[in-house]
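Encoded as structure tokens, the structure appears first; notes follow it.
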Amino acid sequence: MIPGGVNSPVRAFRAVGRQPFFVERAQGPWIIDADGNRYLDYVCSWGPGILGHAHPKVIEAVQRACEKGLTFGAPTAGEVELAELIRTCVPDMEMMRLVSSGTEAVMSAVRVARGFTGREKIIKFSGNYHGHSDGLLVKAGSGLMTQSVPDSAGVPAGYAESTLTAVYNDEESVRSLLEENRGQVAAVVVEPVAANMGVVPPKAGFLEFLRRITEKEGALLIFDEVITGFRLALGGATEYTGVHADLHTFGKIVGGGMPLAVYGGRKDVMSCVAPLGEIYQAGTLSGNPVAVTAGITTLRILMEDQGVYERIDRRAGKLAEAFEREGLTVNRVGSLLSAFFVPGWDAPETHAEGYQGKRRRVENYEDACGCDRQAFADYFNRMLERGIYVAPSQFEAMFVSDAHSDELIRKTCAAIGESVRQGA
């Protein structure tokens, strides 16, 4: 009844050679499947579970909201309250619009950039995933990489022609595209920390370069923070890196795990959106009151206890150290991390002492594609046998939540050593 039995491709577990389990419920750092098996969860619903599953304050607030009605198709005070909280955390969000998904947010931000600049072309980066809208399924990451599908069937050639693809962390590739298409590029859209070809941080100065060159060329800079927003820091990538974009997109955490996303930024740009301007975007469920309530409650918890960020950063660092002891290449930014099985990772004679050799870096799409997917699949299955659930793809991130205690992190580090070493 459902293509592949799943409603999002990476859930199918095909890349790791097994059938997916079906989740019955979740609590804190745990998920429990339909057969009663309990797993320590490092997927966290692909990022939004920064507080862990079913946080009592969020659940209570959502239950109260449900009692008032599920959807109105009309404005509510909660929408304004959430927007004010977002702007407090990210001052660059001078004006914003609530939508229902990250795909919708990025698609809308790109449309706004085109309408504001009067230009049609955009630049994206190989391995950066910005949702499944037609114009952005070009050299995308996430599930497309997992299935070895560089582009999607069903996308008209005209859409793809207006999307220019640069190499992440390669300034010259961006410079060349802007020079070849001078006066035609509406925006450069980027994951400020790539998280859909595995975690790949920006090189020093790369985001600053994008800021300078887009200003010079009259294009807008769009930060896709569907994953990084409110996870790297309360102020997202801008607080973490110090680089300011013209437009931002947020998802995941901003809805407290419910279907909600946001796009926005400069007031002069967003004032072009209907009904103020001529750029149309609409949605019956945009600003859904239940999702808004979950988002408000989650952001308030994070604002009241910003120690969350220190805790999840420190615990993610422990996991990174465990992978590095086994000779793997690890990319980590805050509570986001990926361990890559790059060629040459297997050094069993060094495992007892900890690997001290030079590890190959993963800095872009090509580097990520060169990883040993079978070695990752073997590792995934051994971790699952030990009751630990990590993303079922070499090209997805590992997420740490505040519900992952120091003791659980220690147990996970031990399981990492056993699971990697067993395959060496």
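Within each chain, counting starts at residue 1; across the structure tokens, chains are named A, B, ... in the order shown, with ligands numbered 1 upward in that order.
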
Original post:
Quick one: residues within 7 Å of Asp33 of chain A, only C-alpha atoms counted, chain neighbours fewer than 3 positions away excluded, as a VMD selection string?
Top reply: chain A and resid 21 to 25 36 to 38

**OP:** Excluding Ile312 of chain A and any residue of its chain fewer than 6 positions from it, enumerate the residues within 10 Å of it, using only C-alpha atoms, and give them as a list of chain:residue names.
**Re:** A:Ile50, A:Leu51, A:Arg231, A:Leu232, A:Lys318, A:Gly334, A:Ser335, A:Leu336, A:Phe399, A:Val400, A:Ser401, A:Asp402, A:Ala403, A:His404, A:Ser405, A:Asp406

Could you write out the selected residues, including C-alpha atoms, as a PDB file, in the first residue's frame?
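File produced: out29.pdb:
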```pdb
ATOM      1  CA  ILE A  50      16.994  17.741  21.281  1.00  0.00           C
ATOM      2  CA  LEU A  51      15.220  17.278  24.636  1.00  0.00           C
ATOM      3  CA  ARG A 231      20.665  22.691  17.613  1.00  0.00           C
ATOM      4  CA  LEU A 232      24.122  24.177  17.071  1.00  0.00           C
ATOM      5  CA  LYS A 318      32.855  11.594  23.907  1.00  0.00           C
ATOM      6  CA  GLY A 334      28.261  20.576  18.370  1.00  0.00           C
ATOM      7  CA  SER A 335      25.828  17.707  18.929  1.00  0.00           C
ATOM      8  CA  LEU A 336      25.921  16.657  15.259  1.00  0.00           C
ATOM      9  CA  PHE A 399      22.198  13.311  16.959  1.00  0.00           C
ATOM     10  CA  VAL A 400      22.697  13.613  20.703  1.00  0.00           C
ATOM     11  CA  SER A 401      19.851  14.746  22.942  1.00  0.00           C
ATOM     12  CA  ASP A 402      19.778  16.073  26.490  1.00  0.00           C
ATOM     13  CA  ALA A 403      18.160  12.780  27.489  1.00  0.00           C
ATOM     14  CA  HIS A 404      21.360  10.863  26.687  1.00  0.00           C
ATOM     15  CA  SER A 405      22.942  10.651  30.139  1.00  0.00           C
ATOM     16  CA  ASP A 406      26.681  10.385  30.753  1.00  0.00           C
TER      17      ASP A 406
END
```

**OP:** Run DSSP on the backbone and grab whatever in segment 17-230 of chain A lands in strand (DSSP E); send it over as a PyMOL selection string.
**Re:** chain A and resi 23-27+30-33+38-41+95-99+121-125+163-166+185-190+220-225

Subject >> Contacts of Pro48 of chain A within 12 Å, only C-alpha atoms, excl. fewer than 2 positions in-chain, as an NGL selection string >> reply: :A and (42-46 or 50-55 or 102 or 225-232 or 250-261 or 294-295 or 298-299 or 335-336 or 399-402)

**OP:** Pick out the residues sitting within 9 Å of Val189 of chain A, and hand them over as a ChimeraX atom specification; count only C-alpha atoms, and ignore anything fewer than 3 positions along from it in its own chain.
**Re:** /A:106,110,122-125,130,220-224
